[in-house]
$ cat my_file.tsv   # TSV, C-alpha atoms and all ligand atoms
chain	number	residue	atom	x	y	z
S	852	MET	CA	108.91	92.04	187.36
S	853	ALA	CA	110.49	88.59	187.62
S	854	ALA	CA	107.04	87.14	188.29
S	855	LEU	CA	105.68	88.87	185.17
S	856	LEU	CA	108.50	87.52	183.01
S	857	LEU	CA	108.01	84.04	184.45
S	858	GLY	CA	104.27	84.33	183.76
S	859	LEU	CA	104.92	85.35	180.13
S	860	LEU	CA	107.38	82.49	179.71
S	861	LEU	CA	104.90	79.97	181.07
S	862	PHE	CA	102.15	81.39	178.82
S	863	ALA	CA	104.41	81.09	175.77
S	864	MET	CA	105.26	77.50	176.67
S	865	GLN	CA	101.59	76.54	177.05
S	866	SER	CA	100.15	78.26	173.98
S	867	PRO	CA	99.84	76.01	170.92
S	868	PRO	CA	102.59	76.24	168.27
S	869	ILE	CA	101.89	78.56	165.36
S	870	PRO	CA	101.79	76.95	161.91
S	871	SER	CA	105.24	77.69	160.61
S	872	ARG	CA	105.05	78.21	156.85
S	873	PRO	CA	103.21	77.14	153.72
S	874	GLN	CA	104.32	73.84	152.23
S	875	LEU	CA	103.97	72.51	148.70
S	876	PRO	CA	101.16	69.94	148.61
S	877	HIS	CA	101.89	66.38	149.71
S	878	ILE	CA	98.44	65.36	148.44
S	879	LEU	CA	96.51	66.50	145.37
S	880	ILE	CA	92.83	65.98	144.67
S	881	ILE	CA	93.01	65.91	140.88
S	882	GLY	CA	89.31	65.56	140.04
S	883	VAL	CA	87.04	64.73	138.55
S	884	ARG	CA	84.96	67.86	138.10
S	885	LYS	CA	81.57	67.26	139.83
S	886	GLY	CA	82.85	64.01	141.30
S	887	GLY	CA	82.47	65.22	144.90
S	888	THR	CA	85.84	66.98	145.20
S	889	ARG	CA	84.60	69.63	147.65
S	890	ALA	CA	83.03	67.02	149.91
S	891	LEU	CA	86.28	65.03	149.81
S	892	ILE	CA	88.57	67.93	150.77
S	893	GLU	CA	86.20	69.08	153.52
S	894	MET	CA	85.98	65.57	154.94
S	895	LEU	CA	89.75	65.12	154.75
S	896	SER	CA	90.19	68.41	156.61
S	897	LEU	CA	88.49	66.80	159.61
S	898	HIS	CA	91.87	65.16	160.22
S	899	SER	CA	94.20	67.23	162.37
S	900	SER	CA	97.24	66.21	160.31
S	901	VAL	CA	95.83	67.75	157.15
S	902	ALA	CA	95.98	71.41	156.09
S	903	ALA	CA	93.92	72.23	153.01
S	904	ALA	CA	94.16	75.11	150.54
S	905	GLN	CA	90.89	77.05	150.52
S	906	ASN	CA	90.63	77.66	146.79
S	907	GLU	CA	91.18	75.74	143.60
S	908	VAL	CA	94.66	76.92	142.60
S	909	HIS	CA	94.72	75.83	138.90
S	910	PHE	CA	98.51	75.93	138.95
S	911	PHE	CA	99.30	73.03	136.63
S	912	ASP	CA	96.50	73.59	134.11
S	913	TRP	CA	96.39	77.39	133.67
S	914	GLU	CA	99.37	78.68	131.72
S	915	SER	CA	99.23	82.14	133.37
S	916	HIS	CA	99.55	80.49	136.79
S	917	PHE	CA	102.11	77.89	135.79
S	918	GLN	CA	104.42	80.54	134.33
S	919	ARG	CA	104.63	82.16	137.78
S	920	GLY	CA	106.59	79.14	138.98
S	921	LEU	CA	106.73	77.11	142.19
S	922	PRO	CA	107.34	80.10	144.52
S	923	TRP	CA	103.93	81.43	143.46
S	924	TYR	CA	102.34	78.00	143.90
S	925	LEU	CA	103.86	77.79	147.37
S	926	SER	CA	102.37	81.16	148.23
S	927	GLN	CA	98.90	79.74	147.50
S	928	MET	CA	99.33	76.92	150.00
S	929	PRO	CA	98.02	76.97	153.56
S	930	TYR	CA	100.24	77.51	156.58
S	931	ALA	CA	100.92	74.13	158.12
S	932	PHE	CA	102.66	72.60	161.13
S	933	PRO	CA	105.77	70.64	160.18
S	934	ASP	CA	104.00	67.32	160.84
S	935	GLN	CA	100.95	68.21	158.72
S	936	LEU	CA	100.25	67.18	155.14
S	937	THR	CA	99.04	69.90	152.81
S	938	VAL	CA	96.41	69.28	150.17
S	939	GLU	CA	95.09	71.23	147.22
S	940	LYS	CA	92.17	70.37	144.95
S	941	THR	CA	91.72	71.44	141.36
S	942	PRO	CA	89.21	69.14	139.64
S	943	ALA	CA	90.30	70.23	136.16
S	944	TYR	CA	93.72	68.59	136.62
S	945	PHE	CA	92.36	65.12	135.84
S	946	THR	CA	91.21	65.99	132.31
S	947	SER	CA	94.13	68.22	131.30
S	948	SER	CA	96.72	66.22	129.34
S	949	LYS	CA	99.73	68.42	130.24
S	950	VAL	CA	99.16	68.21	133.99
S	951	PRO	CA	100.49	64.73	134.97
S	952	LYS	CA	103.98	65.47	133.61
S	953	ARG	CA	104.12	68.83	135.39
S	954	ILE	CA	103.09	67.36	138.72
S	955	HIS	CA	105.60	64.54	138.28
S	956	GLN	CA	108.34	67.10	137.68
S	957	MET	CA	107.46	68.75	141.00
S	958	ASN	CA	107.21	65.60	143.09
S	959	THR	CA	107.37	62.00	141.88
S	960	ASP	CA	106.10	60.70	145.25
S	961	ILE	CA	103.04	62.90	145.60
S	962	LYS	CA	99.84	61.15	146.67
S	963	LEU	CA	96.96	61.62	144.27
S	964	LEU	CA	93.27	61.36	145.11
S	965	LEU	CA	90.77	60.94	142.32
S	966	ILE	CA	87.06	60.90	143.10
S	967	LEU	CA	84.82	59.48	140.39
S	968	ARG	CA	81.13	58.94	140.10
S	969	ASP	CA	78.80	57.32	137.62
S	970	PRO	CA	79.81	58.99	134.30
S	971	THR	CA	76.19	59.69	133.32
S	972	GLU	CA	75.39	61.29	136.68
S	973	ARG	CA	78.58	63.32	136.35
S	974	VAL	CA	77.46	64.65	132.95
S	975	LEU	CA	74.08	65.70	134.40
S	976	SER	CA	75.84	67.36	137.33
S	977	ASP	CA	78.22	69.14	134.93
S	978	TYR	CA	75.26	70.43	132.89
S	979	THR	CA	73.48	71.58	136.07
S	980	GLN	CA	76.53	73.57	137.19
S	981	VAL	CA	76.86	75.36	133.83
S	982	PHE	CA	73.09	75.92	133.75
S	983	TYR	CA	73.15	77.74	137.12
S	984	ASN	CA	76.29	79.71	136.22
S	985	ARG	CA	74.62	80.99	133.05
S	986	LEU	CA	71.38	81.69	134.88
S	987	GLN	CA	73.27	83.84	137.39
S	988	LYS	CA	74.88	85.82	134.57
S	989	HIS	CA	71.49	86.22	132.81
S	990	LYS	CA	72.85	84.28	129.84
S	991	ARG	CA	70.86	81.96	127.59
S	992	TYR	CA	71.06	78.24	128.19
S	993	GLN	CA	70.06	75.27	126.11
S	994	PRO	CA	67.79	72.54	127.44
S	995	ILE	CA	69.73	69.43	128.43
S	996	GLU	CA	68.34	67.21	125.73
S	997	SER	CA	69.50	69.52	122.95
S	998	VAL	CA	73.10	69.48	124.23
S	999	LEU	CA	73.12	65.73	124.78
S	1000	VAL	CA	71.69	64.71	121.44
S	1001	LYS	CA	72.39	65.89	117.89
S	1002	ASP	CA	70.62	64.44	114.85
S	1003	GLY	CA	69.21	61.65	116.99
S	1004	GLU	CA	72.65	60.53	118.23
S	1005	ILE	CA	74.70	61.31	121.33
S	1006	ASN	CA	76.42	64.64	120.69
S	1007	LEU	CA	80.12	63.79	120.78
S	1008	GLY	CA	80.98	67.48	120.65
S	1009	TYR	CA	79.57	68.07	124.12
S	1010	LYS	CA	82.63	68.62	126.35
S	1011	ALA	CA	81.00	67.19	129.46
S	1012	LEU	CA	80.84	63.78	127.79
S	1013	ASN	CA	84.59	63.79	127.23
S	1014	ARG	CA	85.24	64.55	130.91
S	1015	SER	CA	83.36	61.36	131.78
S	1016	LEU	CA	85.56	59.19	129.52
S	1017	TYR	CA	87.65	58.28	132.53
S	1018	TYR	CA	89.91	55.73	130.81
S	1019	VAL	CA	91.13	58.31	128.27
S	1020	HIS	CA	92.36	60.64	131.01
S	1021	MET	CA	93.57	57.89	133.32
S	1022	GLN	CA	95.90	56.62	130.58
S	1023	ASN	CA	97.70	59.98	130.66
S	1024	TRP	CA	98.21	59.76	134.41
S	1025	LEU	CA	99.49	56.21	134.28
S	1026	GLN	CA	102.27	57.31	131.95
S	1027	TYR	CA	103.77	59.24	134.86
S	1028	PHE	CA	102.43	57.71	138.08
S	1029	PRO	CA	102.00	54.09	139.12
S	1030	LEU	CA	98.49	53.00	140.04
S	1031	GLU	CA	99.60	52.72	143.68
S	1032	SER	CA	100.09	56.50	143.81
S	1033	ILE	CA	96.49	57.19	142.76
S	1034	HIS	CA	93.70	56.36	145.18
S	1035	ILE	CA	90.27	56.32	143.57
S	1036	VAL	CA	87.48	57.41	145.86
S	1037	ASP	CA	84.05	56.08	144.93
S	1038	GLY	CA	82.03	59.30	144.72
S	1039	ASP	CA	78.67	57.50	144.68
S	1040	GLU	CA	79.64	55.70	147.89
S	1041	LEU	CA	80.90	58.93	149.44
S	1042	ILE	CA	77.39	60.34	148.96
S	1043	ARG	CA	75.67	57.17	150.25
S	1044	ASP	CA	77.90	56.59	153.27
S	1045	PRO	CA	81.01	58.78	153.59
S	1046	PHE	CA	82.64	57.21	156.64
S	1047	PRO	CA	83.93	53.93	155.06
S	1048	GLU	CA	85.25	55.82	152.03
S	1049	MET	CA	87.10	58.26	154.29
S	1050	LYS	CA	88.68	55.40	156.28
S	1051	LYS	CA	90.11	54.10	152.99
S	1052	VAL	CA	91.49	57.56	152.25
S	1053	GLU	CA	93.10	57.73	155.70
S	1054	ARG	CA	94.73	54.35	155.12
S	1055	PHE	CA	96.03	55.30	151.67
S	1056	LEU	CA	97.57	58.47	153.09
S	1057	LYS	CA	99.01	56.53	156.05
S	1058	LEU	CA	97.32	58.91	158.47
S	1059	GLU	CA	96.71	57.91	162.05
S	1060	PRO	CA	93.02	56.78	162.22
S	1061	GLN	CA	91.16	59.80	163.48
S	1062	ILE	CA	88.07	60.43	161.38
S	1063	ASN	CA	85.11	58.57	162.87
S	1064	ALA	CA	81.45	57.86	162.23
S	1065	SER	CA	80.30	60.64	164.55
S	1066	ASN	CA	81.94	63.19	162.21
S	1067	PHE	CA	79.03	62.61	159.80
S	1068	TYR	CA	75.28	62.95	160.15
S	1069	PHE	CA	72.56	62.76	157.55
S	1070	ASN	CA	70.70	66.01	157.02
S	1071	LYS	CA	67.20	65.22	155.72
S	1072	THR	CA	66.56	68.74	154.45
S	1073	LYS	CA	69.75	68.76	152.36
S	1074	GLY	CA	69.42	65.11	151.46
S	1075	PHE	CA	73.17	64.59	152.01
S	1076	TYR	CA	75.56	63.84	154.81
S	1077	CYS	CA	76.90	66.89	156.61
S	1078	LEU	CA	79.96	67.27	158.85
S	1079	ARG	CA	80.35	67.47	162.60
S	1080	ASP	CA	83.70	68.77	163.79
S	1081	HIS	CA	84.34	69.39	167.50
S	1082	GLY	CA	80.59	69.84	168.03
S	1083	ARG	CA	80.22	72.28	165.10
S	1084	GLU	CA	77.83	71.08	162.42
S	1085	ARG	CA	77.94	72.20	158.81
S	1086	CYS	CA	76.70	71.13	155.41
S	1087	LEU	CA	78.30	71.83	152.07
S	1088	HIS	CA	77.29	74.98	150.17
S	1089	ASP	CA	73.88	75.01	148.44
S	1090	SER	CA	75.61	74.65	145.07
S	1091	LYS	CA	76.62	71.12	146.11
S	1092	GLY	CA	73.84	68.58	145.88
S	1093	ARG	CA	71.48	70.33	143.48
S	1094	ALA	CA	68.63	68.54	141.74
S	1095	HIS	CA	69.47	67.48	138.19
S	1096	PRO	CA	67.15	68.14	135.23
S	1097	HIS	CA	64.75	65.47	134.09
S	1098	VAL	CA	66.03	63.61	131.04
S	1099	ALA	CA	63.80	61.42	128.85
S	1100	PRO	CA	64.41	57.73	129.70
S	1101	ALA	CA	65.29	56.92	126.07
S	1102	ILE	CA	68.08	59.51	126.10
S	1103	LEU	CA	69.34	58.33	129.47
S	1104	GLN	CA	69.46	54.81	128.07
S	1105	LYS	CA	71.53	56.06	125.12
S	1106	LEU	CA	73.94	57.69	127.56
S	1107	TYR	CA	74.34	54.54	129.62
S	1108	GLN	CA	75.04	52.63	126.43
S	1109	PHE	CA	77.50	55.27	125.29
S	1110	PHE	CA	79.54	54.86	128.47
S	1111	HIS	CA	79.36	51.07	128.62
S	1112	GLU	CA	82.54	50.33	126.63
S	1113	PRO	CA	84.64	53.24	127.99
S	1114	ASN	CA	83.71	52.15	131.53
S	1115	LYS	CA	84.82	48.59	130.80
S	1116	LYS	CA	88.16	49.91	129.53
S	1117	PHE	CA	88.53	51.98	132.69
S	1118	PHE	CA	87.83	48.98	134.96
S	1119	GLU	CA	90.50	46.98	133.11
S	1120	LEU	CA	92.97	49.83	133.39
S	1121	VAL	CA	92.60	50.20	137.16
S	1122	GLY	CA	91.82	46.56	138.00
S	1123	ARG	CA	88.66	47.48	139.83
S	1124	THR	CA	84.96	47.77	139.04
S	1125	PHE	CA	82.35	50.32	140.06
S	1126	THR	CA	78.58	49.99	140.20
S	1127	TRP	CA	77.95	52.46	137.40
S	1128	LYS	CA	74.82	51.86	135.30
X	1	LIG	P1	75.46	67.59	142.46
X	1	LIG	O1	75.37	69.01	142.95
X	1	LIG	O2	75.30	67.48	141.02
X	1	LIG	O3	74.57	66.65	143.22
X	1	LIG	P2	82.28	68.84	143.20
X	1	LIG	O4	82.51	69.30	144.59
X	1	LIG	O5	83.42	68.04	142.65
X	1	LIG	O6	81.83	69.95	142.31
X	1	LIG	O7	81.10	67.79	143.25
X	1	LIG	C1	79.79	68.18	143.56
X	1	LIG	C2	79.01	66.95	143.91
X	1	LIG	O8	79.41	66.44	145.17
X	1	LIG	C3	77.53	67.20	144.06
X	1	LIG	O9	76.94	67.09	142.78
X	1	LIG	C4	77.08	66.11	145.05
X	1	LIG	O10	76.33	65.09	144.46
X	1	LIG	C5	78.41	65.54	145.55
X	1	LIG	N1	78.48	65.35	147.00
X	1	LIG	C6	79.13	64.32	147.59
X	1	LIG	N2	79.00	64.37	148.91
X	1	LIG	C7	78.25	65.46	149.19
X	1	LIG	C8	77.78	66.02	150.40
X	1	LIG	N3	78.04	65.44	151.58
X	1	LIG	N4	77.05	67.15	150.33
X	1	LIG	C9	76.76	67.72	149.12
X	1	LIG	N5	77.19	67.22	147.93
X	1	LIG	C10	77.93	66.10	147.96

$ encode --input "my_file.tsv" --output "C-alpha cells"
Amino acid sequence: MAALLLGLLLFAMQSPPIPSRPQLPHILIIGVRKGGTRALIEMLSLHSSVAAAQNEVHFFDWESHFQRGLPWYLSQMPYAFPDQLTVEKTPAYFTSSKVPKRIHQMNTDIKLLLILRDPTERVLSDYTQVFYNRLQKHKRYQPIESVLVKDGEINLGYKALNRSLYYVHMQNWLQYFPLESIHIVDGDELIRDPFPEMKKVERFLKLEPQINASNFYFNKTKGFYCLRDHGRERCLHDSKGRAHPHVAPAILQKLYQFFHEPNKKFFELVGRTFTWK
C-alpha cells in the first residue's frame, strides 16, 4: 500500500502541470481583415509561452458580446499556465472606431499586433472571401470590376476599400495607444519569408527566442509556407491562400493610384514605409 501511494506521489510530481485557468489576453491581433491574421496567430502559437484562443471572439466590436462583460470575455480565453501569454485575434477590431477605447479601458499596457498587406491586394482578398461565402450560400455575386468601379471611377461606396485606408483607422488607435504598443507585421513579407517577421514579433513581445527557421517549410502545392511543430507538419486551411480574380490592368492601375496618397499618410503616421505598389 505504501509503495502504491509512493508510486502515485512520484507520478503526480513527474506529470506536467495542468494549465490553471483562462486569462484575459496579454496580446491582441487587431487586424487587418485578410492581412494574414490566421497565419500570424498560428505561427505565434509555435512558441511555448503563448496560448491562443481558437476562435475570433468579437468582444469589443459586437455589442451583444460586449454587453456580456469581461467575465464572459474571460470565459472565451484559452486555459494557460501562469507564465504563458494569452492571445486573441479578431481582425475586425482594427477598423471599428469604438474598439480602441474599450481595449484601453480593459488594459492600457496590452500589446497589439497589426498585420497589414498591400492595400490593393487586401481588397482583392476581401472580395475573394465574400465571393466564396456567397457561392457557398448559393447567393448571387457581382463580378469584381462592377464592385470596384462605378461610372468609370473607383467606387468609394465599396466597404473593402475603406478597410484598406489604413491611416484612417490607425489614427483612432493612436488616440489611445502609443505607437510603441502596436507592432506592425508586414503581411507581404510574412507570406514571402515568415521566419524573419516572426523573430521581430518575438522581440516585440519580449519572448525568449524559440521560433526557428525549421518551423517553416515551403509547400509547392499550396504555394505558401506551412508549419512544422515538433515534427508535425501542417498548412493553413484551404480558404487561406486562394487565387484572386483577374482584374483589368487599367482598373488595377486606378486602384494603385487611389491608395497612393492614403499610403503616404500612413507611412508618415507610423514613421515607416512598406513596399506597397
Ligand atoms: P488570400 O487567401 O487572399 O491569399 P486572414 O487570415 O487575415 O484572413 O488572411 C488571409 C491571408 O493570409 C491569405 O489571403 C494569404 O495570402 C495570407 N497568408 C499569409 N501567410 C500564409 C500562409 N502561410 N498560408 C496561407 N495563407 C497565408

$ atom_distance --input "my_file.tsv" --atom1 "CA of Ser976 (chain S)" --atom2 "CA of Leu1078 (chain S)"
21.9 Å

$ residues_around --input "my_file.tsv" --residues "region 912-924 of chain S" --least-positions-apart "2" --cutoff "8 Å" --atoms "all atoms listed in the file" --output "MDAnalysis selection string"
chainID S and resid 875 908:910 926:928 943:944 947 949:950

$ write_last_selection --input "my_file.tsv" --atoms "C-alpha atoms" --output "short mmCIF file (atom, residue, chain, number, x, y, z; two decimals), in the coordinates of the input"
data_model
loop_
_atom_site.label_atom_id
_atom_site.label_comp_id
_atom_site.auth_asym_id
_atom_site.auth_seq_id
_atom_site.Cartn_x
_atom_site.Cartn_y
_atom_site.Cartn_z
CA LEU S 875 103.97 72.51 148.70
CA VAL S 908 94.66 76.92 142.60
CA HIS S 909 94.72 75.83 138.90
CA PHE S 910 98.51 75.93 138.95
CA SER S 926 102.37 81.16 148.23
CA GLN S 927 98.90 79.74 147.50
CA MET S 928 99.33 76.92 150.00
CA ALA S 943 90.30 70.23 136.16
CA TYR S 944 93.72 68.59 136.62
CA SER S 947 94.13 68.22 131.30
CA LYS S 949 99.73 68.42 130.24
CA VAL S 950 99.16 68.21 133.99
#

$ closest_residue --input "my_file.tsv" --among "S:Arg1093, S:His1111, S:His1081, S:His1020" --to "His898 (chain S)" --atoms "all atoms listed in the file"
S:His1081

$ atom_distance --input "my_file.tsv" --atom1 "CA of Leu1016 (chain S)" --atom2 "CA of Ile1102 (chain S)"
17.8 Å

$ residues_around --input "my_file.tsv" --residues "Asp977 (chain S)" --least-positions-apart "2" --cutoff "12 Å" --atoms "only C-alpha atoms" --output "number ranges by chain"
S: 883-887, 942, 968, 970-975, 979-984, 995, 998-999, 1009-1015, 1090-1096

$ write_last_selection --input "my_file.tsv" --atoms "C-alpha atoms" --output "compact mmCIF listing (two decimals), in the frame of the given file"
# COMPACT_ATOMS: atom_id res chain seq x y z
CA VAL S 883 87.04 64.73 138.55
CA ARG S 884 84.96 67.86 138.10
CA LYS S 885 81.57 67.26 139.83
CA GLY S 886 82.85 64.01 141.30
CA GLY S 887 82.47 65.22 144.90
CA PRO S 942 89.21 69.14 139.64
CA ARG S 968 81.13 58.94 140.10
CA PRO S 970 79.81 58.99 134.30
CA THR S 971 76.19 59.69 133.32
CA GLU S 972 75.39 61.29 136.68
CA ARG S 973 78.58 63.32 136.35
CA VAL S 974 77.46 64.65 132.95
CA LEU S 975 74.08 65.70 134.40
CA THR S 979 73.48 71.58 136.07
CA GLN S 980 76.53 73.57 137.19
CA VAL S 981 76.86 75.36 133.83
CA PHE S 982 73.09 75.92 133.75
CA TYR S 983 73.15 77.74 137.12
CA ASN S 984 76.29 79.71 136.22
CA ILE S 995 69.73 69.43 128.43
CA VAL S 998 73.10 69.48 124.23
CA LEU S 999 73.12 65.73 124.78
CA TYR S 1009 79.57 68.07 124.12
CA LYS S 1010 82.63 68.62 126.35
CA ALA S 1011 81.00 67.19 129.46
CA LEU S 1012 80.84 63.78 127.79
CA ASN S 1013 84.59 63.79 127.23
CA ARG S 1014 85.24 64.55 130.91
CA SER S 1015 83.36 61.36 131.78
CA SER S 1090 75.61 74.65 145.07
CA LYS S 1091 76.62 71.12 146.11
CA GLY S 1092 73.84 68.58 145.88
CA ARG S 1093 71.48 70.33 143.48
CA ALA S 1094 68.63 68.54 141.74
CA HIS S 1095 69.47 67.48 138.19
CA PRO S 1096 67.15 68.14 135.23

$ atom_distance --input "my_file.tsv" --atom1 "CA of Leu963 (chain S)" --atom2 "CA of Ile1035 (chain S)"
8.6 Å

$ closest_residue --input "my_file.tsv" --among "S:Leu1106, S:Met1049, S:Ala902, S:Cys1077" --to "ligand LIG 1 (chain X)" --atoms "all atoms listed in the file"
S:Cys1077

$ closest_residue --input "my_file.tsv" --among "S:Met894, S:Ala1101, S:Val1052, S:Ile878" --to "ligand LIG 1 (chain X)" --atoms "only C-alpha atoms and all ligand atoms"
S:Met894

$ residues_around --input "my_file.tsv" --residues "Pro933 (chain S)" --least-positions-apart "6" --cutoff "10 Å" --atoms "all atoms listed in the file" --output "PyMOL selection string"
chain S and resi 870-874+900

$ residues_around --input "my_file.tsv" --residues "Phe1028 (chain S)" --least-positions-apart "4" --cutoff "9 Å" --atoms "all atoms listed in the file" --output "MDAnalysis selection string"
chainID S and resid 951 955 959:960 1024 1032:1033

$ write_last_selection --input "my_file.tsv" --atoms "C-alpha atoms" --output "PDB file, in the coordinates of the input"
ATOM      1  CA  PRO S 951     100.490  64.730 134.970  1.00  0.00           C
ATOM      2  CA  HIS S 955     105.600  64.540 138.280  1.00  0.00           C
ATOM      3  CA  THR S 959     107.370  62.000 141.880  1.00  0.00           C
ATOM      4  CA  ASP S 960     106.100  60.700 145.250  1.00  0.00           C
ATOM      5  CA  TRP S1024      98.210  59.760 134.410  1.00  0.00           C
ATOM      6  CA  SER S1032     100.090  56.500 143.810  1.00  0.00           C
ATOM      7  CA  ILE S1033      96.490  57.190 142.760  1.00  0.00           C
TER       8      ILE S1033
END
